[in-house]
Structure formats: C-alpha cells, structure tokens
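For reference, model_10.txt is printed below; it contains compact mmCIF, N, CA and C atoms.
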```
# COMPACT_ATOMS: atom_id res chain seq x y z
N MET L 1084 60.43 41.06 14.09
CA MET L 1084 59.71 41.69 13.01
C MET L 1084 60.72 42.02 11.90
N ASP L 1085 60.38 41.67 10.69
CA ASP L 1085 61.30 41.96 9.59
C ASP L 1085 60.86 43.20 8.82
N MET L 1086 61.69 43.57 7.86
CA MET L 1086 61.46 44.81 7.10
C MET L 1086 60.09 44.81 6.43
N MET L 1087 59.68 43.69 5.86
CA MET L 1087 58.39 43.66 5.16
C MET L 1087 57.25 43.93 6.14
N ASP L 1088 57.35 43.39 7.36
CA ASP L 1088 56.32 43.65 8.36
C ASP L 1088 56.31 45.12 8.79
N ARG L 1089 57.49 45.70 8.95
CA ARG L 1089 57.57 47.09 9.41
C ARG L 1089 57.12 48.07 8.35
N THR L 1090 57.39 47.80 7.08
CA THR L 1090 57.12 48.78 6.03
C THR L 1090 55.92 48.45 5.15
N GLY L 1091 55.49 47.20 5.17
CA GLY L 1091 54.42 46.79 4.27
C GLY L 1091 54.89 46.56 2.85
N SER L 1092 56.20 46.59 2.63
CA SER L 1092 56.73 46.38 1.29
C SER L 1092 56.93 44.90 1.01
N HIS L 1093 57.02 44.58 -0.26
CA HIS L 1093 57.23 43.21 -0.72
C HIS L 1093 58.67 43.09 -1.20
N GLY L 1094 59.35 42.04 -0.80
CA GLY L 1094 60.74 41.85 -1.20
C GLY L 1094 60.93 40.62 -2.06
N GLU L 1095 61.90 40.71 -2.97
CA GLU L 1095 62.28 39.58 -3.81
C GLU L 1095 63.79 39.45 -3.80
N PHE L 1096 64.27 38.22 -3.93
CA PHE L 1096 65.70 37.95 -4.00
C PHE L 1096 65.93 37.08 -5.21
N GLU L 1097 66.84 37.51 -6.09
CA GLU L 1097 67.12 36.78 -7.32
C GLU L 1097 68.62 36.48 -7.40
N VAL L 1098 68.94 35.27 -7.82
CA VAL L 1098 70.33 34.87 -8.01
C VAL L 1098 70.45 34.30 -9.41
N SER L 1099 71.50 34.75 -10.14
CA SER L 1099 71.73 34.20 -11.47
C SER L 1099 73.21 33.92 -11.66
N GLY L 1100 73.50 33.08 -12.62
CA GLY L 1100 74.88 32.72 -12.90
C GLY L 1100 75.32 31.49 -12.11
N ASN L 1101 76.60 31.21 -12.18
CA ASN L 1101 77.19 30.05 -11.51
C ASN L 1101 77.51 30.40 -10.06
N GLN L 1102 76.58 30.05 -9.16
CA GLN L 1102 76.73 30.39 -7.75
C GLN L 1102 77.95 29.68 -7.15
N ARG L 1103 78.65 30.41 -6.29
CA ARG L 1103 79.81 29.83 -5.61
C ARG L 1103 80.11 30.65 -4.36
N ARG L 1104 80.85 30.04 -3.46
CA ARG L 1104 81.32 30.77 -2.28
C ARG L 1104 82.37 31.77 -2.71
N LEU L 1105 82.39 32.89 -2.02
CA LEU L 1105 83.36 33.94 -2.28
C LEU L 1105 84.26 34.07 -1.06
N SER L 1106 85.29 34.87 -1.17
CA SER L 1106 86.14 35.10 -0.01
C SER L 1106 85.29 35.73 1.10
N SER L 1107 85.69 35.52 2.34
CA SER L 1107 84.92 36.06 3.45
C SER L 1107 84.87 37.60 3.39
N ASP L 1108 85.95 38.25 2.97
CA ASP L 1108 85.95 39.71 2.84
C ASP L 1108 84.94 40.17 1.80
N LEU L 1109 84.89 39.47 0.68
CA LEU L 1109 83.96 39.83 -0.38
C LEU L 1109 82.52 39.59 0.06
N GLU L 1110 82.26 38.44 0.67
CA GLU L 1110 80.91 38.16 1.14
C GLU L 1110 80.45 39.19 2.16
N LEU L 1111 81.31 39.54 3.10
CA LEU L 1111 80.95 40.51 4.13
C LEU L 1111 80.74 41.89 3.51
N GLY L 1112 81.60 42.29 2.59
CA GLY L 1112 81.45 43.59 1.94
C GLY L 1112 80.14 43.70 1.18
N LEU L 1113 79.79 42.68 0.42
CA LEU L 1113 78.53 42.68 -0.32
C LEU L 1113 77.34 42.68 0.62
N PHE L 1114 77.43 41.90 1.70
CA PHE L 1114 76.36 41.87 2.70
C PHE L 1114 76.15 43.25 3.30
N ARG L 1115 77.23 43.92 3.67
CA ARG L 1115 77.13 45.26 4.29
C ARG L 1115 76.57 46.29 3.32
N ILE L 1116 76.95 46.21 2.05
CA ILE L 1116 76.38 47.12 1.05
C ILE L 1116 74.87 46.89 0.94
N ALA L 1117 74.46 45.63 0.84
CA ALA L 1117 73.02 45.32 0.75
C ALA L 1117 72.30 45.75 2.02
N GLN L 1118 72.90 45.51 3.15
CA GLN L 1118 72.28 45.88 4.44
C GLN L 1118 72.04 47.39 4.52
N GLU L 1119 73.01 48.17 4.14
CA GLU L 1119 72.86 49.63 4.19
C GLU L 1119 71.83 50.10 3.17
N ALA L 1120 71.85 49.52 1.96
CA ALA L 1120 70.87 49.90 0.94
C ALA L 1120 69.45 49.60 1.41
N LEU L 1121 69.26 48.42 2.00
CA LEU L 1121 67.92 48.06 2.49
C LEU L 1121 67.50 48.93 3.67
N SER L 1122 68.45 49.30 4.49
CA SER L 1122 68.15 50.22 5.59
C SER L 1122 67.69 51.57 5.04
N ASN L 1123 68.33 52.04 3.98
CA ASN L 1123 67.91 53.29 3.34
C ASN L 1123 66.51 53.16 2.76
N VAL L 1124 66.22 52.01 2.15
CA VAL L 1124 64.88 51.79 1.61
C VAL L 1124 63.86 51.88 2.74
N GLU L 1125 64.15 51.21 3.84
CA GLU L 1125 63.21 51.19 4.96
C GLU L 1125 63.01 52.59 5.54
N ARG L 1126 64.07 53.35 5.70
CA ARG L 1126 63.99 54.66 6.35
C ARG L 1126 63.42 55.75 5.45
N HIS L 1127 63.73 55.69 4.16
CA HIS L 1127 63.49 56.86 3.32
C HIS L 1127 62.59 56.64 2.11
N ALA L 1128 62.53 55.43 1.55
CA ALA L 1128 61.97 55.26 0.20
C ALA L 1128 60.46 55.23 0.12
N ARG L 1129 59.79 54.78 1.19
CA ARG L 1129 58.34 54.56 1.14
C ARG L 1129 57.98 53.63 -0.02
N ALA L 1130 58.80 52.63 -0.21
CA ALA L 1130 58.62 51.68 -1.32
C ALA L 1130 57.62 50.59 -0.95
N THR L 1131 56.95 50.06 -1.98
CA THR L 1131 56.08 48.91 -1.79
C THR L 1131 56.75 47.63 -2.27
N LYS L 1132 57.86 47.79 -3.00
CA LYS L 1132 58.58 46.63 -3.52
C LYS L 1132 60.07 46.92 -3.55
N VAL L 1133 60.87 45.91 -3.19
CA VAL L 1133 62.32 46.02 -3.31
C VAL L 1133 62.84 44.68 -3.81
N VAL L 1134 63.76 44.74 -4.76
CA VAL L 1134 64.35 43.53 -5.34
C VAL L 1134 65.86 43.58 -5.09
N VAL L 1135 66.36 42.49 -4.52
CA VAL L 1135 67.80 42.32 -4.35
C VAL L 1135 68.21 41.22 -5.31
N ALA L 1136 69.17 41.51 -6.18
CA ALA L 1136 69.61 40.54 -7.18
C ALA L 1136 71.13 40.44 -7.14
N ILE L 1137 71.62 39.23 -7.25
CA ILE L 1137 73.06 39.02 -7.33
C ILE L 1137 73.33 38.15 -8.55
N GLU L 1138 74.30 38.60 -9.34
CA GLU L 1138 74.66 37.88 -10.56
C GLU L 1138 76.13 37.47 -10.50
N PHE L 1139 76.36 36.18 -10.66
CA PHE L 1139 77.71 35.63 -10.69
C PHE L 1139 78.13 35.46 -12.14
N THR L 1140 79.26 36.03 -12.52
CA THR L 1140 79.86 35.75 -13.81
C THR L 1140 81.30 35.32 -13.54
N ASN L 1141 82.03 34.95 -14.58
CA ASN L 1141 83.39 34.46 -14.39
C ASN L 1141 84.32 35.47 -13.76
N ASN L 1142 84.12 36.76 -14.07
CA ASN L 1142 85.09 37.74 -13.59
C ASN L 1142 84.52 38.85 -12.71
N LYS L 1143 83.24 38.77 -12.36
CA LYS L 1143 82.66 39.79 -11.49
C LYS L 1143 81.40 39.28 -10.79
N ILE L 1144 81.07 39.99 -9.73
CA ILE L 1144 79.82 39.79 -9.01
C ILE L 1144 79.08 41.11 -9.10
N THR L 1145 77.82 41.07 -9.47
CA THR L 1145 77.01 42.28 -9.54
C THR L 1145 75.87 42.15 -8.54
N LEU L 1146 75.78 43.12 -7.64
CA LEU L 1146 74.72 43.19 -6.64
C LEU L 1146 73.85 44.38 -6.98
N LYS L 1147 72.53 44.15 -7.11
CA LYS L 1147 71.59 45.25 -7.40
C LYS L 1147 70.50 45.26 -6.35
N ILE L 1148 70.22 46.43 -5.84
CA ILE L 1148 69.10 46.64 -4.93
C ILE L 1148 68.24 47.73 -5.56
N GLN L 1149 67.01 47.37 -5.92
CA GLN L 1149 66.14 48.32 -6.61
C GLN L 1149 64.81 48.40 -5.90
N ASP L 1150 64.34 49.63 -5.67
CA ASP L 1150 63.04 49.82 -5.04
C ASP L 1150 62.15 50.68 -5.94
N ASN L 1151 60.86 50.69 -5.62
CA ASN L 1151 59.92 51.51 -6.39
C ASN L 1151 59.45 52.70 -5.55
N GLY L 1152 60.32 53.18 -4.69
CA GLY L 1152 59.97 54.27 -3.78
C GLY L 1152 60.05 55.65 -4.42
N VAL L 1153 60.19 56.63 -3.55
CA VAL L 1153 60.11 58.03 -3.97
C VAL L 1153 61.41 58.56 -4.54
N GLY L 1154 62.46 57.78 -4.53
CA GLY L 1154 63.75 58.25 -5.04
C GLY L 1154 64.44 59.11 -3.99
N ILE L 1155 65.64 59.48 -4.30
CA ILE L 1155 66.40 60.35 -3.39
C ILE L 1155 65.91 61.77 -3.61
N THR L 1156 65.47 62.41 -2.56
CA THR L 1156 64.88 63.73 -2.62
C THR L 1156 65.83 64.74 -3.24
N GLN L 1157 65.32 65.50 -4.18
CA GLN L 1157 66.13 66.53 -4.82
C GLN L 1157 66.60 67.52 -3.76
N GLY L 1158 67.85 67.89 -3.84
CA GLY L 1158 68.42 68.81 -2.87
C GLY L 1158 69.08 68.10 -1.71
N VAL L 1159 68.83 66.78 -1.57
CA VAL L 1159 69.49 66.00 -0.52
C VAL L 1159 70.78 65.45 -1.10
N ASN L 1160 71.86 65.57 -0.37
CA ASN L 1160 73.13 65.03 -0.83
C ASN L 1160 73.09 63.51 -0.69
N PRO L 1161 73.05 62.76 -1.80
CA PRO L 1161 72.94 61.30 -1.69
C PRO L 1161 74.10 60.66 -0.95
N LYS L 1162 75.23 61.33 -0.88
CA LYS L 1162 76.38 60.78 -0.15
C LYS L 1162 76.09 60.74 1.35
N ARG L 1163 75.13 61.54 1.79
CA ARG L 1163 74.84 61.61 3.22
C ARG L 1163 73.63 60.78 3.61
N VAL L 1164 72.89 60.23 2.66
CA VAL L 1164 71.70 59.46 2.99
C VAL L 1164 72.05 58.37 3.99
N ALA L 1165 71.35 58.33 5.08
CA ALA L 1165 71.49 57.39 6.18
C ALA L 1165 72.66 57.69 7.10
N ALA L 1166 73.64 58.45 6.67
CA ALA L 1166 74.79 58.72 7.54
C ALA L 1166 74.36 59.49 8.78
N THR L 1167 73.35 60.33 8.66
CA THR L 1167 72.88 61.09 9.80
C THR L 1167 72.03 60.24 10.73
N ASP L 1168 71.61 59.06 10.29
CA ASP L 1168 70.80 58.16 11.11
C ASP L 1168 71.66 57.10 11.77
N GLY L 1169 72.96 57.27 11.77
CA GLY L 1169 73.83 56.30 12.40
C GLY L 1169 74.33 55.23 11.46
N GLY L 1170 73.91 55.28 10.20
CA GLY L 1170 74.38 54.31 9.22
C GLY L 1170 75.60 54.84 8.50
N LEU L 1171 76.05 54.08 7.54
CA LEU L 1171 77.22 54.49 6.76
C LEU L 1171 76.85 55.37 5.59
N GLY L 1172 75.60 55.35 5.18
CA GLY L 1172 75.18 56.14 4.04
C GLY L 1172 75.78 55.64 2.74
N ILE L 1173 75.46 56.34 1.69
CA ILE L 1173 75.93 55.96 0.36
C ILE L 1173 77.44 56.06 0.27
N LEU L 1174 78.00 57.06 0.91
CA LEU L 1174 79.46 57.20 0.90
C LEU L 1174 80.12 55.94 1.46
N GLY L 1175 79.58 55.41 2.54
CA GLY L 1175 80.11 54.18 3.12
C GLY L 1175 79.99 53.00 2.18
N MET L 1176 78.87 52.92 1.45
CA MET L 1176 78.70 51.83 0.48
C MET L 1176 79.72 51.97 -0.65
N GLU L 1177 79.92 53.21 -1.11
CA GLU L 1177 80.93 53.43 -2.16
C GLU L 1177 82.32 53.03 -1.69
N GLU L 1178 82.64 53.40 -0.45
CA GLU L 1178 83.96 53.05 0.09
C GLU L 1178 84.14 51.54 0.20
N ARG L 1179 83.09 50.84 0.62
CA ARG L 1179 83.17 49.37 0.70
C ARG L 1179 83.41 48.77 -0.67
N ALA L 1180 82.68 49.26 -1.68
CA ALA L 1180 82.87 48.76 -3.04
C ALA L 1180 84.30 49.02 -3.52
N GLU L 1181 84.82 50.20 -3.24
CA GLU L 1181 86.18 50.54 -3.66
C GLU L 1181 87.21 49.67 -2.94
N LEU L 1182 87.00 49.37 -1.67
CA LEU L 1182 87.91 48.48 -0.94
C LEU L 1182 87.96 47.09 -1.57
N LEU L 1183 86.85 46.71 -2.22
CA LEU L 1183 86.79 45.42 -2.91
C LEU L 1183 87.20 45.56 -4.37
N GLU L 1184 87.78 46.73 -4.72
CA GLU L 1184 88.25 47.05 -6.07
C GLU L 1184 87.11 47.13 -7.09
N GLY L 1185 85.93 47.49 -6.59
CA GLY L 1185 84.76 47.60 -7.46
C GLY L 1185 84.22 49.01 -7.49
N LYS L 1186 83.01 49.13 -8.02
CA LYS L 1186 82.35 50.43 -8.15
C LYS L 1186 80.91 50.31 -7.71
N LEU L 1187 80.38 51.43 -7.23
CA LEU L 1187 78.98 51.53 -6.84
C LEU L 1187 78.34 52.60 -7.70
N GLU L 1188 77.19 52.30 -8.26
CA GLU L 1188 76.45 53.26 -9.08
C GLU L 1188 75.06 53.42 -8.51
N ILE L 1189 74.57 54.66 -8.52
CA ILE L 1189 73.24 54.96 -7.99
C ILE L 1189 72.44 55.67 -9.06
N GLN L 1190 71.24 55.16 -9.30
CA GLN L 1190 70.29 55.81 -10.20
C GLN L 1190 69.02 56.03 -9.39
N SER L 1191 68.48 57.24 -9.44
CA SER L 1191 67.31 57.53 -8.64
C SER L 1191 66.43 58.57 -9.33
N SER L 1192 65.12 58.33 -9.25
CA SER L 1192 64.16 59.31 -9.74
C SER L 1192 62.85 59.10 -8.99
N HIS L 1193 62.05 60.14 -8.95
CA HIS L 1193 60.76 60.03 -8.27
C HIS L 1193 59.84 59.05 -8.98
N ALA L 1194 59.98 58.91 -10.29
CA ALA L 1194 59.10 58.02 -11.06
C ALA L 1194 59.51 56.56 -10.95
N ASN L 1195 60.81 56.28 -10.76
CA ASN L 1195 61.28 54.90 -10.82
C ASN L 1195 61.95 54.40 -9.54
N GLY L 1196 61.98 55.18 -8.50
CA GLY L 1196 62.64 54.75 -7.27
C GLY L 1196 64.15 54.83 -7.40
N THR L 1197 64.82 53.98 -6.64
CA THR L 1197 66.28 54.01 -6.60
C THR L 1197 66.84 52.63 -6.92
N LYS L 1198 67.91 52.62 -7.70
CA LYS L 1198 68.64 51.38 -7.98
C LYS L 1198 70.10 51.60 -7.61
N ILE L 1199 70.60 50.73 -6.76
CA ILE L 1199 72.00 50.75 -6.37
C ILE L 1199 72.64 49.50 -6.95
N THR L 1200 73.74 49.69 -7.68
CA THR L 1200 74.43 48.58 -8.31
C THR L 1200 75.89 48.60 -7.89
N ALA L 1201 76.34 47.48 -7.32
CA ALA L 1201 77.76 47.30 -6.97
C ALA L 1201 78.31 46.23 -7.90
N VAL L 1202 79.40 46.55 -8.59
CA VAL L 1202 80.07 45.60 -9.47
C VAL L 1202 81.46 45.39 -8.91
N ILE L 1203 81.75 44.13 -8.55
CA ILE L 1203 83.01 43.78 -7.89
C ILE L 1203 83.72 42.73 -8.73
N PRO L 1204 84.97 42.99 -9.12
CA PRO L 1204 85.72 41.98 -9.87
C PRO L 1204 86.11 40.80 -8.97
N VAL L 1205 86.09 39.61 -9.54
CA VAL L 1205 86.51 38.41 -8.79
C VAL L 1205 87.37 37.55 -9.71
N GLN L 1206 88.20 36.75 -9.08
CA GLN L 1206 88.99 35.78 -9.82
C GLN L 1206 88.56 34.40 -9.36
N ILE L 1207 88.39 33.51 -10.30
CA ILE L 1207 88.03 32.14 -9.97
C ILE L 1207 89.33 31.35 -9.77
N HIS L 1208 89.43 30.73 -8.61
CA HIS L 1208 90.59 29.89 -8.33
C HIS L 1208 90.24 28.45 -8.68
N GLN L 1209 91.05 27.85 -9.52
CA GLN L 1209 90.73 26.48 -9.97
C GLN L 1209 91.64 25.48 -9.31
```
Would you write out, as structure tokens, the structure that this file holds?
Amino acid sequence: MDMMDRTGSHGEFEVSGNQRRLSSDLELGLFRIAQEALSNVERHARATKVVVAIEFTNNKITLKIQDNGVGITQGVNPKRVAATDGGLGILGMEERAELLEGKLEIQSSHANGTKITAVIPVQIHQ
C-alpha cells in the first residue's frame, strides 16, 4: 500500500531542467530529505495533494515538496516534527542539506499548507 492509498491524497512529481545523474551521496541525501518530508505529510498534514518537484540547473539542484495540508501547528517546534515518531524531523532534513553544502527552507501556514525547499549546489564535470 502506498502513501496515496493510505491517506487518500493525490501526488505529483515534476522534473525540470537538464536531467543528469548526480553523485551517489547527493542522490541519497535528496532522497532522504524527500522521504522525511513525505513522511511528515502523511503523519501530520491531512493533505489532499502533494507535489514533489526537482529542478536541475547548471550550478544547483532544487528539491521542493509542497502540500495543501493544515500547515505546521502553531506552538509546535518545527525542528521536532517527526523526530518524536522515530523519524529525523526537520532538523535532520536541515542537517542533510547542510552536509551537502546546501540549505533547507520551510514555509508553512494553515491556509497554504507546507512547502519544503532544499537548494544544493552542484558542479558539472565535463
């Protein structure tokens, strides 16, 4: 059973830019960030839609996970979201992004759900 079956939400995946293989460390780091973000959506967001988008540019990779759920509850420390459920939480996602020399940004509101954006610099080897 996949996430859409368990939650009733609809998922989309978008890729833009010049797609290419990345280093195994970068691919794994991005996968783990997306995995944790989607786990948070499943556990907490009550979303009906989630979009995962990855954009390849010459000098960076941008990963966005956006849902239309309830947002991060006011008064809840977003750094701890999912950490109490055995996951890495947002703090873990931030640490993964930093290990890849990138940044993680979180925007959340009750009206618009939550958007997590990881921007990771990359170098193209020719």
At a cut-off of 12 Å around the point (66.5, 47.7, 0.9) (file coordinates), what residues fall inside when counting only C-alpha atoms? I'd like the answer as a VMD selection string.
chain L and resid 1085 to 1087 1090 1092 to 1096 1114 to 1136 1147 to 1152 1196 to 1199
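Coordinates place atom CA of L:Lys1143 at a distance of 11.1 Å from atom CA of L:Leu1183.
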Interatomic distance between atom CA of L:Gly1175 and atom CA of L:Glu1188?
12.8 Å
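For the pair atom C of L:Gln1102 and atom CA of L:Asn1142, the interatomic distance is 12.5 Å.
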If you count only C-alpha atoms, which residues fall within 10 Å of stretch 1107-1113 of chain L, apart from same-chain ones fewer than 4 positions away, as a PyMOL selection string?
chain L and resi 1117-1118+1137+1144-1146+1176+1178-1180+1182-1183+1201-1205
